[in-house]
>>> print(open('data-v3.pdb').read())   # PDB, C-alpha atoms
ATOM      1  CA  MET A 114      44.052  17.363 -65.951
ATOM      2  CA  VAL A 115      44.402  15.481 -62.700
ATOM      3  CA  LEU A 116      42.846  16.171 -59.304
ATOM      4  CA  SER A 117      45.670  16.443 -56.785
ATOM      5  CA  SER A 118      45.221  15.302 -53.212
ATOM      6  CA  SER A 119      44.844  18.920 -52.103
ATOM      7  CA  ASP A 120      42.183  19.467 -54.792
ATOM      8  CA  LYS A 121      40.293  16.471 -53.421
ATOM      9  CA  SER A 122      40.501  17.646 -49.837
ATOM     10  CA  ASN A 123      39.490  21.206 -50.859
ATOM     11  CA  VAL A 124      36.445  19.858 -52.691
ATOM     12  CA  LYS A 125      35.461  17.536 -49.827
ATOM     13  CA  ALA A 126      35.762  20.342 -47.281
ATOM     14  CA  ALA A 127      33.753  22.752 -49.446
ATOM     15  CA  TRP A 128      31.051  20.157 -50.072
ATOM     16  CA  ASP A 129      30.833  19.331 -46.355
ATOM     17  CA  LYS A 130      29.867  22.968 -45.792
ATOM     18  CA  VAL A 131      27.140  22.600 -48.423
ATOM     19  CA  GLY A 132      25.659  19.865 -46.265
ATOM     20  CA  GLY A 133      21.962  19.305 -46.917
ATOM     21  CA  ASN A 134      21.734  22.260 -49.295
ATOM     22  CA  ALA A 135      23.100  20.404 -52.322
ATOM     23  CA  GLY A 136      19.644  20.096 -53.865
ATOM     24  CA  ASP A 137      18.789  23.757 -53.294
ATOM     25  CA  TYR A 138      22.117  24.853 -54.714
ATOM     26  CA  GLY A 139      21.557  22.607 -57.728
ATOM     27  CA  ALA A 140      18.204  24.282 -58.336
ATOM     28  CA  GLU A 141      19.672  27.755 -57.872
ATOM     29  CA  ALA A 142      22.503  26.988 -60.297
ATOM     30  CA  LEU A 143      19.984  25.802 -62.877
ATOM     31  CA  GLU A 144      17.886  28.953 -62.459
ATOM     32  CA  ARG A 145      20.984  31.109 -62.822
ATOM     33  CA  MET A 146      22.002  29.175 -65.921
ATOM     34  CA  PHE A 147      18.589  29.480 -67.602
ATOM     35  CA  LEU A 148      18.570  33.243 -67.023
ATOM     36  CA  SER A 149      22.187  33.980 -67.945
ATOM     37  CA  PHE A 150      22.467  31.519 -70.812
ATOM     38  CA  PRO A 151      19.008  31.244 -72.408
ATOM     39  CA  THR A 152      20.184  28.710 -75.010
ATOM     40  CA  THR A 153      20.358  26.143 -72.192
ATOM     41  CA  LYS A 154      16.581  26.285 -71.928
ATOM     42  CA  THR A 155      16.321  24.422 -75.231
ATOM     43  CA  TYR A 156      16.950  21.192 -73.343
ATOM     44  CA  PHE A 157      13.913  21.748 -71.119
ATOM     45  CA  PRO A 158      10.962  22.601 -73.372
ATOM     46  CA  HIS A 159       8.845  20.300 -71.226
ATOM     47  CA  PHE A 160       9.645  22.152 -67.980
ATOM     48  CA  ASP A 161       8.055  25.080 -66.264
ATOM     49  CA  LEU A 162      11.143  27.265 -65.880
ATOM     50  CA  SER A 163       9.531  30.085 -63.898
ATOM     51  CA  HIS A 164      11.046  31.105 -60.559
ATOM     52  CA  GLY A 165      10.261  28.556 -57.872
ATOM     53  CA  SER A 166       9.230  25.864 -60.327
ATOM     54  CA  ALA A 167       8.802  22.479 -58.700
ATOM     55  CA  GLN A 168      10.302  20.811 -61.762
ATOM     56  CA  VAL A 169      13.467  22.908 -61.521
ATOM     57  CA  LYS A 170      13.640  22.183 -57.779
ATOM     58  CA  GLY A 171      13.327  18.471 -58.478
ATOM     59  CA  HIS A 172      15.930  18.561 -61.192
ATOM     60  CA  GLY A 173      18.228  20.637 -59.010
ATOM     61  CA  LYS A 174      18.051  17.928 -56.371
ATOM     62  CA  LYS A 175      19.080  15.336 -58.957
ATOM     63  CA  VAL A 176      22.075  17.480 -59.934
ATOM     64  CA  GLY A 177      22.998  18.143 -56.291
ATOM     65  CA  ASP A 178      22.753  14.475 -55.345
ATOM     66  CA  ALA A 179      24.853  13.430 -58.346
ATOM     67  CA  LEU A 180      27.550  15.913 -57.347
ATOM     68  CA  SER A 181      27.456  14.706 -53.730
ATOM     69  CA  ASN A 182      27.963  11.195 -55.050
ATOM     70  CA  ALA A 183      30.850  12.368 -57.218
ATOM     71  CA  VAL A 184      32.502  14.068 -54.235
ATOM     72  CA  GLY A 185      32.315  10.771 -52.395
ATOM     73  CA  HIS A 186      34.037   8.917 -55.212
ATOM     74  CA  MET A 187      36.725  11.262 -56.443
ATOM     75  CA  ASP A 188      39.191   8.404 -56.826
ATOM     76  CA  ASP A 189      36.965   6.780 -59.401
ATOM     77  CA  LEU A 190      34.780   9.339 -61.120
ATOM     78  CA  PRO A 191      34.377   7.333 -64.362
ATOM     79  CA  GLY A 192      33.078   4.403 -62.329
ATOM     80  CA  ALA A 193      30.809   6.447 -60.082
ATOM     81  CA  LEU A 194      29.375   8.441 -62.989
ATOM     82  CA  SER A 195      29.165   5.607 -65.506
ATOM     83  CA  ALA A 196      25.368   5.424 -65.625
ATOM     84  CA  LEU A 197      25.021   9.219 -65.907
ATOM     85  CA  SER A 198      27.681   9.186 -68.559
ATOM     86  CA  ASP A 199      25.677   6.639 -70.602
ATOM     87  CA  LEU A 200      22.518   8.668 -70.106
ATOM     88  CA  HIS A 201      24.067  11.891 -71.358
ATOM     89  CA  ALA A 202      25.705  10.180 -74.326
ATOM     90  CA  HIS A 203      22.845   8.121 -75.626
ATOM     91  CA  LYS A 204      19.690   9.752 -74.407
ATOM     92  CA  LEU A 205      20.145  13.352 -73.345
ATOM     93  CA  ARG A 206      22.947  14.319 -75.749
ATOM     94  CA  VAL A 207      23.429  17.728 -74.172
ATOM     95  CA  ASP A 208      26.030  19.596 -76.207
ATOM     96  CA  PRO A 209      29.347  19.595 -74.308
ATOM     97  CA  VAL A 210      29.540  23.389 -74.237
ATOM     98  CA  ASN A 211      26.665  23.468 -71.750
ATOM     99  CA  PHE A 212      28.544  21.661 -68.981
ATOM    100  CA  LYS A 213      30.847  24.668 -68.661
ATOM    101  CA  LEU A 214      27.833  26.951 -68.316
ATOM    102  CA  LEU A 215      26.256  24.906 -65.514
ATOM    103  CA  SER A 216      29.645  24.478 -63.814
ATOM    104  CA  HIS A 217      30.135  28.248 -63.844
ATOM    105  CA  CYS A 218      26.698  28.811 -62.315
ATOM    106  CA  LEU A 219      27.421  26.207 -59.632
ATOM    107  CA  LEU A 220      30.584  28.143 -58.722
ATOM    108  CA  VAL A 221      28.605  31.412 -58.623
ATOM    109  CA  THR A 222      26.055  29.770 -56.307
ATOM    110  CA  LEU A 223      28.748  28.474 -53.975
ATOM    111  CA  ALA A 224      30.515  31.856 -53.975
ATOM    112  CA  CYS A 225      27.244  33.570 -53.044
ATOM    113  CA  HIS A 226      26.468  31.267 -50.141
ATOM    114  CA  HIS A 227      29.952  30.531 -48.790
ATOM    115  CA  PRO A 228      32.126  33.554 -49.630
ATOM    116  CA  GLY A 229      34.429  33.067 -46.664
ATOM    117  CA  ASP A 230      35.307  29.523 -47.671
ATOM    118  CA  PHE A 231      35.570  30.285 -51.365
ATOM    119  CA  THR A 232      39.283  31.106 -51.352
ATOM    120  CA  PRO A 233      41.220  31.241 -54.633
ATOM    121  CA  ALA A 234      42.696  27.784 -53.979
ATOM    122  CA  VAL A 235      39.272  26.283 -53.214
ATOM    123  CA  HIS A 236      37.815  28.061 -56.247
ATOM    124  CA  ALA A 237      40.524  26.479 -58.400
ATOM    125  CA  SER A 238      39.938  22.988 -56.977
ATOM    126  CA  LEU A 239      36.172  23.221 -57.444
ATOM    127  CA  ASP A 240      36.595  24.473 -61.001
ATOM    128  CA  LYS A 241      38.889  21.530 -61.735
ATOM    129  CA  PHE A 242      36.509  19.083 -60.084
ATOM    130  CA  LEU A 243      33.502  20.297 -62.080
ATOM    131  CA  ALA A 244      35.550  20.227 -65.281
ATOM    132  CA  THR A 245      36.551  16.648 -64.525
ATOM    133  CA  VAL A 246      32.949  15.628 -63.840
ATOM    134  CA  SER A 247      31.916  17.303 -67.103
ATOM    135  CA  THR A 248      34.620  15.443 -69.017
ATOM    136  CA  VAL A 249      33.399  12.124 -67.623
ATOM    137  CA  LEU A 250      29.790  12.949 -68.554
ATOM    138  CA  VAL A 251      30.732  13.567 -72.204
ATOM    139  CA  SER A 252      33.336  10.787 -72.377
ATOM    140  CA  LYS A 253      31.059   8.340 -74.199
ATOM    141  CA  TYR A 254      29.649  10.859 -76.693
ATOM    142  CA  ARG A 255      31.669   9.466 -79.617
TER     143      ARG A 255
ATOM    144  CA  MET B 178      25.178  45.198 -80.967
ATOM    145  CA  VAL B 179      24.270  44.286 -77.410
ATOM    146  CA  HIS B 180      21.202  45.988 -76.052
ATOM    147  CA  PHE B 181      20.700  46.435 -72.324
ATOM    148  CA  THR B 182      17.286  47.027 -70.800
ATOM    149  CA  ALA B 183      16.835  49.740 -68.197
ATOM    150  CA  GLU B 184      16.660  47.071 -65.485
ATOM    151  CA  GLU B 185      19.900  45.487 -66.656
ATOM    152  CA  LYS B 186      21.658  48.854 -66.650
ATOM    153  CA  THR B 187      20.417  49.533 -63.130
ATOM    154  CA  ALA B 188      21.593  46.118 -61.938
ATOM    155  CA  VAL B 189      25.030  46.709 -63.417
ATOM    156  CA  THR B 190      25.548  50.266 -62.170
ATOM    157  CA  HIS B 191      24.196  49.470 -58.703
ATOM    158  CA  VAL B 192      26.722  46.660 -58.263
ATOM    159  CA  TRP B 193      29.513  48.711 -59.829
ATOM    160  CA  SER B 194      28.955  51.575 -57.398
ATOM    161  CA  LYS B 195      30.090  49.289 -54.595
ATOM    162  CA  VAL B 196      33.139  47.851 -56.339
ATOM    163  CA  ASN B 197      36.573  48.857 -55.031
ATOM    164  CA  VAL B 198      38.543  48.977 -58.241
ATOM    165  CA  GLU B 199      41.908  48.650 -56.543
ATOM    166  CA  GLU B 200      41.170  45.704 -54.236
ATOM    167  CA  ASP B 201      38.715  43.895 -56.441
ATOM    168  CA  GLY B 202      40.929  44.305 -59.499
ATOM    169  CA  GLY B 203      43.744  42.504 -57.740
ATOM    170  CA  GLU B 204      41.407  39.764 -56.618
ATOM    171  CA  VAL B 205      39.930  39.218 -60.089
ATOM    172  CA  LEU B 206      43.268  39.084 -61.877
ATOM    173  CA  GLY B 207      44.814  37.029 -59.082
ATOM    174  CA  ARG B 208      42.061  34.436 -59.242
ATOM    175  CA  LEU B 209      42.416  34.238 -63.028
ATOM    176  CA  LEU B 210      46.101  33.393 -62.597
ATOM    177  CA  VAL B 211      45.388  30.873 -59.794
ATOM    178  CA  VAL B 212      42.406  29.088 -61.318
ATOM    179  CA  TYR B 213      43.716  29.089 -64.923
ATOM    180  CA  PRO B 214      47.490  28.951 -64.447
ATOM    181  CA  TRP B 215      48.197  28.955 -68.167
ATOM    182  CA  THR B 216      47.116  32.602 -68.199
ATOM    183  CA  GLN B 217      50.381  33.338 -66.368
ATOM    184  CA  ARG B 218      52.070  33.078 -69.745
ATOM    185  CA  PHE B 219      51.454  36.789 -70.281
ATOM    186  CA  PHE B 220      53.086  37.828 -67.048
ATOM    187  CA  ASP B 221      56.634  36.407 -67.043
ATOM    188  CA  ASN B 222      57.974  39.654 -65.621
ATOM    189  CA  PHE B 223      55.617  39.757 -62.655
ATOM    190  CA  GLY B 224      57.979  37.948 -60.292
ATOM    191  CA  ASN B 225      56.726  35.356 -57.834
ATOM    192  CA  LEU B 226      53.617  33.538 -59.091
ATOM    193  CA  SER B 227      54.567  30.210 -57.541
ATOM    194  CA  SER B 228      51.590  29.721 -55.226
ATOM    195  CA  SER B 229      48.072  30.973 -54.647
ATOM    196  CA  SER B 230      49.209  33.220 -51.773
ATOM    197  CA  ALA B 231      52.208  34.501 -53.755
ATOM    198  CA  ILE B 232      49.903  35.429 -56.632
ATOM    199  CA  MET B 233      47.214  37.075 -54.508
ATOM    200  CA  GLY B 234      49.833  39.086 -52.606
ATOM    201  CA  ASN B 235      51.934  40.032 -55.629
ATOM    202  CA  PRO B 236      52.052  43.839 -55.976
ATOM    203  CA  LYS B 237      52.351  43.697 -59.786
ATOM    204  CA  VAL B 238      49.235  41.528 -59.960
ATOM    205  CA  LYS B 239      47.376  44.036 -57.810
ATOM    206  CA  ALA B 240      48.540  46.977 -59.888
ATOM    207  CA  HIS B 241      47.635  45.351 -63.167
ATOM    208  CA  GLY B 242      44.322  44.133 -61.788
ATOM    209  CA  LYS B 243      43.498  47.716 -60.866
ATOM    210  CA  LYS B 244      44.289  48.801 -64.437
ATOM    211  CA  VAL B 245      42.042  46.100 -65.889
ATOM    212  CA  LEU B 246      39.119  46.875 -63.612
ATOM    213  CA  THR B 247      39.456  50.624 -64.174
ATOM    214  CA  SER B 248      39.062  49.869 -67.847
ATOM    215  CA  PHE B 249      35.971  47.854 -67.037
ATOM    216  CA  GLY B 250      34.548  50.994 -65.504
ATOM    217  CA  ASP B 251      34.527  52.452 -69.017
ATOM    218  CA  ALA B 252      32.341  49.553 -70.078
ATOM    219  CA  VAL B 253      29.840  50.340 -67.337
ATOM    220  CA  LYS B 254      29.727  53.986 -68.444
ATOM    221  CA  ASN B 255      29.341  53.057 -72.126
ATOM    222  CA  MET B 256      27.144  50.020 -72.174
ATOM    223  CA  ASP B 257      25.534  51.152 -75.423
ATOM    224  CA  ASN B 258      28.832  51.354 -77.285
ATOM    225  CA  LEU B 259      31.160  48.647 -76.072
ATOM    226  CA  LYS B 260      32.763  48.027 -79.462
ATOM    227  CA  GLY B 261      33.674  51.692 -79.869
ATOM    228  CA  THR B 262      34.866  51.979 -76.274
ATOM    229  CA  PHE B 263      37.254  49.037 -76.552
ATOM    230  CA  ALA B 264      38.424  49.432 -80.162
ATOM    231  CA  LYS B 265      41.884  50.721 -79.275
ATOM    232  CA  LEU B 266      42.403  48.193 -76.479
ATOM    233  CA  SER B 267      41.303  45.438 -78.831
ATOM    234  CA  GLU B 268      43.954  46.432 -81.348
ATOM    235  CA  LEU B 269      46.571  46.602 -78.615
ATOM    236  CA  HIS B 270      45.743  43.137 -77.280
ATOM    237  CA  CYS B 271      45.900  41.662 -80.773
ATOM    238  CA  ASP B 272      48.824  43.447 -82.362
ATOM    239  CA  LYS B 273      51.138  44.086 -79.428
ATOM    240  CA  LEU B 274      50.110  41.778 -76.588
ATOM    241  CA  HIS B 275      49.000  38.735 -78.649
ATOM    242  CA  VAL B 276      46.359  37.665 -76.146
ATOM    243  CA  ASP B 277      43.920  34.918 -77.202
ATOM    244  CA  PRO B 278      40.404  36.401 -76.804
ATOM    245  CA  GLU B 279      39.374  33.285 -74.897
ATOM    246  CA  ASN B 280      41.217  34.903 -71.987
ATOM    247  CA  PHE B 281      38.724  37.802 -71.975
ATOM    248  CA  ARG B 282      35.911  35.288 -71.478
ATOM    249  CA  LEU B 283      37.768  33.584 -68.652
ATOM    250  CA  LEU B 284      38.411  36.948 -66.967
ATOM    251  CA  GLY B 285      34.782  37.980 -67.324
ATOM    252  CA  ASN B 286      33.572  34.814 -65.634
ATOM    253  CA  VAL B 287      36.090  35.177 -62.812
ATOM    254  CA  MET B 288      34.805  38.725 -62.315
ATOM    255  CA  VAL B 289      31.225  37.456 -62.037
ATOM    256  CA  ILE B 290      32.333  34.921 -59.434
ATOM    257  CA  VAL B 291      34.182  37.567 -57.401
ATOM    258  CA  LEU B 292      31.095  39.809 -57.492
ATOM    259  CA  ALA B 293      28.994  36.856 -56.319
ATOM    260  CA  SER B 294      31.302  36.245 -53.370
ATOM    261  CA  HIS B 295      31.158  39.922 -52.363
ATOM    262  CA  PHE B 296      27.433  40.497 -52.838
ATOM    263  CA  GLY B 297      26.014  37.139 -51.743
ATOM    264  CA  LYS B 298      22.228  36.975 -51.888
ATOM    265  CA  GLU B 299      22.090  40.440 -53.450
ATOM    266  CA  PHE B 300      23.729  38.898 -56.518
ATOM    267  CA  THR B 301      20.451  37.388 -57.631
ATOM    268  CA  PRO B 302      20.038  35.336 -60.814
ATOM    269  CA  ASP B 303      18.668  38.456 -62.562
ATOM    270  CA  VAL B 304      21.649  40.561 -61.504
ATOM    271  CA  GLN B 305      24.020  37.803 -62.578
ATOM    272  CA  ALA B 306      22.317  37.598 -65.972
ATOM    273  CA  ALA B 307      22.841  41.332 -66.545
ATOM    274  CA  TRP B 308      26.500  40.993 -65.645
ATOM    275  CA  GLN B 309      26.977  37.927 -67.852
ATOM    276  CA  LYS B 310      25.620  40.001 -70.711
ATOM    277  CA  LEU B 311      28.053  42.807 -69.914
ATOM    278  CA  VAL B 312      31.151  40.623 -69.585
ATOM    279  CA  ALA B 313      30.247  38.801 -72.794
ATOM    280  CA  GLY B 314      29.799  42.158 -74.524
ATOM    281  CA  VAL B 315      33.168  43.359 -73.267
ATOM    282  CA  ALA B 316      34.875  40.106 -74.305
ATOM    283  CA  ASN B 317      33.360  40.399 -77.788
ATOM    284  CA  ALA B 318      34.323  44.074 -78.026
ATOM    285  CA  MET B 319      37.878  43.222 -76.986
ATOM    286  CA  ALA B 320      38.019  40.548 -79.686
ATOM    287  CA  HIS B 321      36.370  42.700 -82.337
ATOM    288  CA  LYS B 322      39.505  44.210 -83.872
ATOM    289  CA  TYR B 323      41.433  40.960 -84.056
ATOM    290  CA  HIS B 324      42.742  39.866 -87.419
TER     291      HIS B 324
END
>>> encode(input="data-v3.pdb", output="structure tokens")
Amino acid sequence: MVLSSSDKSNVKAAWDKVGGNAGDYGAEALERMFLSFPTTKTYFPHFDLSHGSAQVKGHGKKVGDALSNAVGHMDDLPGALSALSDLHAHKLRVDPVNFKLLSHCLLVTLACHHPGDFTPAVHASLDKFLATVSTVLVSKYR
Amino acid sequence: MVHFTAEEKTAVTHVWSKVNVEEDGGEVLGRLLVVYPWTQRFFDNFGNLSSSSAIMGNPKVKAHGKKVLTSFGDAVKNMDNLKGTFAKLSELHCDKLHVDPENFRLLGNVMVIVLASHFGKEFTPDVQAAWQKLVAGVANAMAHKYH
């Protein structure tokens, strides 16, 4: 799976609209994921996962910032995400199935907040982008 | 068997009451074909599926999307017996249509995303969770008779 030039421009344009909300959207996506897919909570036994939790907000910001960074480096995602890739492989070891769940919840969040911009073509590009990021994050697992 | 709480049922039926089965069906199926192009393999006779706009405007896609979403309405009315409700359709999709059940999961998630884009803030995490449970239940029910 390769990101075409129109995928990249779709993703950049969509992320520009996100602007300073990346952290909030990251937190919202996490909350949605924990509620819809309770098995994902097993990776956060040390977190307060109640609505409005400061820990979830903080973690959401990390996720949002990492995605913003990825958007800025779409021509070299393995390079840009190398440290995160190491982290997920050797320390966090989140089962690969969970990246799809978070990706889905990120798309739901974006669709909620930017319905007018979330055209089918943009939806497709974002789905591809998140799948590519997920692939990079599990690339060093074995 | 999937069990839905009273709150989950309310969340589902409230959202469903505002769904336009004809328009939304076309959008859901269209997006499935755009976002996951390999799903087009089941629709060789649908004509022009060459671009996102061709797919979304294709009358056969709209008609079939309406059929699919109408069927989903049965799920909403029978949330306590999804397996029974979809038994015949499950057999059809296995024996005659040869559709990989993974496609039911993809369709369910596209439906959730379309609902999110239509309902915005009203599509809260709790409402989404109820719908994820329903689409997963439908996908499992549709796969149940496979052999």
>>> resolve_selection(input="data-v3.pdb", expression="the PyMOL selection byres ((chain A) within 12 of (chain B))", output="PyMOL selection string")
chain A and resi 114+120+140-151+164+213-214+216-242+244
>>> atom_distance(input="data-v3.pdb", atom1="CA of Thr182 (chain B)", atom2="CA of Glu268 (chain B)")
28.7 Å
>>> residues_near_point(input="data-v3.pdb", point="(17.2, 13.8, -58.5)", cutoff="12 Å", atoms="only C-alpha atoms", output="ChimeraX atom specification")
/A:135-137,139-140,168-182,197
>>> resolve_selection(input="data-v3.pdb", expression="the PyMOL selection byres ((chain A and resi 193) around 12)", output="NGL selection string")
:A and (179-192 or 194-199 or 246 or 249-250)
>>> atom_distance(input="data-v3.pdb", atom1="CA of Gly234 (chain B)", atom2="CA of Ser118 (chain A)")
24.2 Å
>>> resolve_selection(input="data-v3.pdb", expression="the PyMOL selection byres ((chain B and resi 270) around 12)", output="list in words")
Phe219, Phe263, Ala264, Lys265, Leu266, Ser267, Glu268, Leu269, Cys271, Asp272, Lys273, Leu274, His275, Val276, Asp277, Pro278, Glu279, Asn280, Phe281, Ala316, Ala318, Met319, Ala320, His321, Lys322, Tyr323 and His324 of chain B
>>> atom_distance(input="data-v3.pdb", atom1="CA of Asp208 (chain A)", atom2="CA of Asp161 (chain A)")
21.3 Å
>>> closest_residue(input="data-v3.pdb", among="B:Gly250, B:Gly242, B:Gly314, B:Pro236", to="Gly203 (chain B)", atoms="only C-alpha atoms")
B:Gly242
>>> closest_residue(input="data-v3.pdb", among="A:Val210, A:Leu205, A:Ala126, A:Val251", to="Tyr156 (chain A)", atoms="all atoms listed in the file")
A:Leu205
>>> closest_residue(input="data-v3.pdb", among="B:Val253, B:Leu259, B:Ala231, B:Asp221", to="Val192 (chain B)", atoms="only C-alpha atoms")
B:Val253
>>> axis_aligned_box(input="data-v3.pdb", around="region 264-272 of chain B", padding_each_side="4 Å", output="JSON")
{"center_x": 43.6, "center_y": 46.2, "center_z": -79.4, "size_x": 18.4, "size_y": 17.1, "size_z": 13.9}
>>> residues_around(input="data-v3.pdb", residues="Ala252 (chain B)", least_positions_apart="3", cutoff="10 Å", atoms="only C-alpha atoms", output="VMD selection string")
chain B and resid 246 to 249 255 to 260 262 to 263 311 to 312 314 to 315 318
>>> build_atoms(input="data-v3.pdb", residues="region 239-255 of chain B", atoms="N, CA, C and O atoms", output="mmCIF file, in the frame of the given file")
data_model
loop_
_atom_site.group_PDB
_atom_site.id
_atom_site.type_symbol
_atom_site.label_atom_id
_atom_site.label_comp_id
_atom_site.auth_asym_id
_atom_site.auth_seq_id
_atom_site.Cartn_x
_atom_site.Cartn_y
_atom_site.Cartn_z
ATOM 1 N N LYS B 239 48.351 43.074 -58.320
ATOM 2 C CA LYS B 239 47.376 44.036 -57.810
ATOM 3 C C LYS B 239 47.323 45.270 -58.701
ATOM 4 O O LYS B 239 46.238 45.763 -59.041
ATOM 5 N N ALA B 240 48.502 45.757 -59.079
ATOM 6 C CA ALA B 240 48.540 46.977 -59.888
ATOM 7 C C ALA B 240 47.898 46.742 -61.249
ATOM 8 O O ALA B 240 47.121 47.567 -61.738
ATOM 9 N N HIS B 241 48.205 45.608 -61.854
ATOM 10 C CA HIS B 241 47.635 45.351 -63.167
ATOM 11 C C HIS B 241 46.153 45.068 -63.083
ATOM 12 O O HIS B 241 45.378 45.442 -63.963
ATOM 13 N N GLY B 242 45.744 44.394 -61.995
ATOM 14 C CA GLY B 242 44.322 44.133 -61.788
ATOM 15 C C GLY B 242 43.542 45.432 -61.682
ATOM 16 O O GLY B 242 42.438 45.559 -62.212
ATOM 17 N N LYS B 243 44.150 46.407 -61.017
ATOM 18 C CA LYS B 243 43.498 47.716 -60.866
ATOM 19 C C LYS B 243 43.323 48.357 -62.237
ATOM 20 O O LYS B 243 42.255 48.902 -62.555
ATOM 21 N N LYS B 244 44.358 48.238 -63.082
ATOM 22 C CA LYS B 244 44.289 48.801 -64.437
ATOM 23 C C LYS B 244 43.134 48.173 -65.209
ATOM 24 O O LYS B 244 42.353 48.853 -65.872
ATOM 25 N N VAL B 245 43.058 46.836 -65.133
ATOM 26 C CA VAL B 245 42.042 46.100 -65.889
ATOM 27 C C VAL B 245 40.644 46.493 -65.419
ATOM 28 O O VAL B 245 39.751 46.758 -66.229
ATOM 29 N N LEU B 246 40.459 46.570 -64.109
ATOM 30 C CA LEU B 246 39.119 46.875 -63.612
ATOM 31 C C LEU B 246 38.739 48.323 -63.854
ATOM 32 O O LEU B 246 37.566 48.647 -64.068
ATOM 33 N N THR B 247 39.726 49.217 -63.842
ATOM 34 C CA THR B 247 39.456 50.624 -64.174
ATOM 35 C C THR B 247 38.897 50.705 -65.587
ATOM 36 O O THR B 247 37.938 51.430 -65.872
ATOM 37 N N SER B 248 39.510 49.927 -66.470
ATOM 38 C CA SER B 248 39.062 49.869 -67.847
ATOM 39 C C SER B 248 37.635 49.336 -67.930
ATOM 40 O O SER B 248 36.825 49.776 -68.757
ATOM 41 N N PHE B 249 37.324 48.401 -67.065
ATOM 42 C CA PHE B 249 35.971 47.854 -67.037
ATOM 43 C C PHE B 249 34.966 48.928 -66.678
ATOM 44 O O PHE B 249 33.807 48.883 -67.107
ATOM 45 N N GLY B 250 35.414 49.881 -65.865
ATOM 46 C CA GLY B 250 34.548 50.994 -65.504
ATOM 47 C C GLY B 250 34.071 51.748 -66.735
ATOM 48 O O GLY B 250 32.947 52.254 -66.785
ATOM 49 N N ASP B 251 34.919 51.811 -67.755
ATOM 50 C CA ASP B 251 34.527 52.452 -69.017
ATOM 51 C C ASP B 251 33.380 51.688 -69.668
ATOM 52 O O ASP B 251 32.506 52.287 -70.304
ATOM 53 N N ALA B 252 33.424 50.376 -69.517
ATOM 54 C CA ALA B 252 32.341 49.553 -70.078
ATOM 55 C C ALA B 252 31.023 49.908 -69.411
ATOM 56 O O ALA B 252 29.990 50.069 -70.075
ATOM 57 N N VAL B 253 31.058 50.043 -68.090
ATOM 58 C CA VAL B 253 29.840 50.340 -67.337
ATOM 59 C C VAL B 253 29.283 51.694 -67.752
ATOM 60 O O VAL B 253 28.076 51.892 -67.851
ATOM 61 N N LYS B 254 30.182 52.647 -68.046
ATOM 62 C CA LYS B 254 29.727 53.986 -68.444
ATOM 63 C C LYS B 254 29.255 54.034 -69.889
ATOM 64 O O LYS B 254 28.599 54.988 -70.298
ATOM 65 N N ASN B 255 29.645 53.017 -70.689
ATOM 66 C CA ASN B 255 29.341 53.057 -72.126
ATOM 67 C C ASN B 255 28.705 51.768 -72.608
ATOM 68 O O ASN B 255 29.091 51.225 -73.646
#
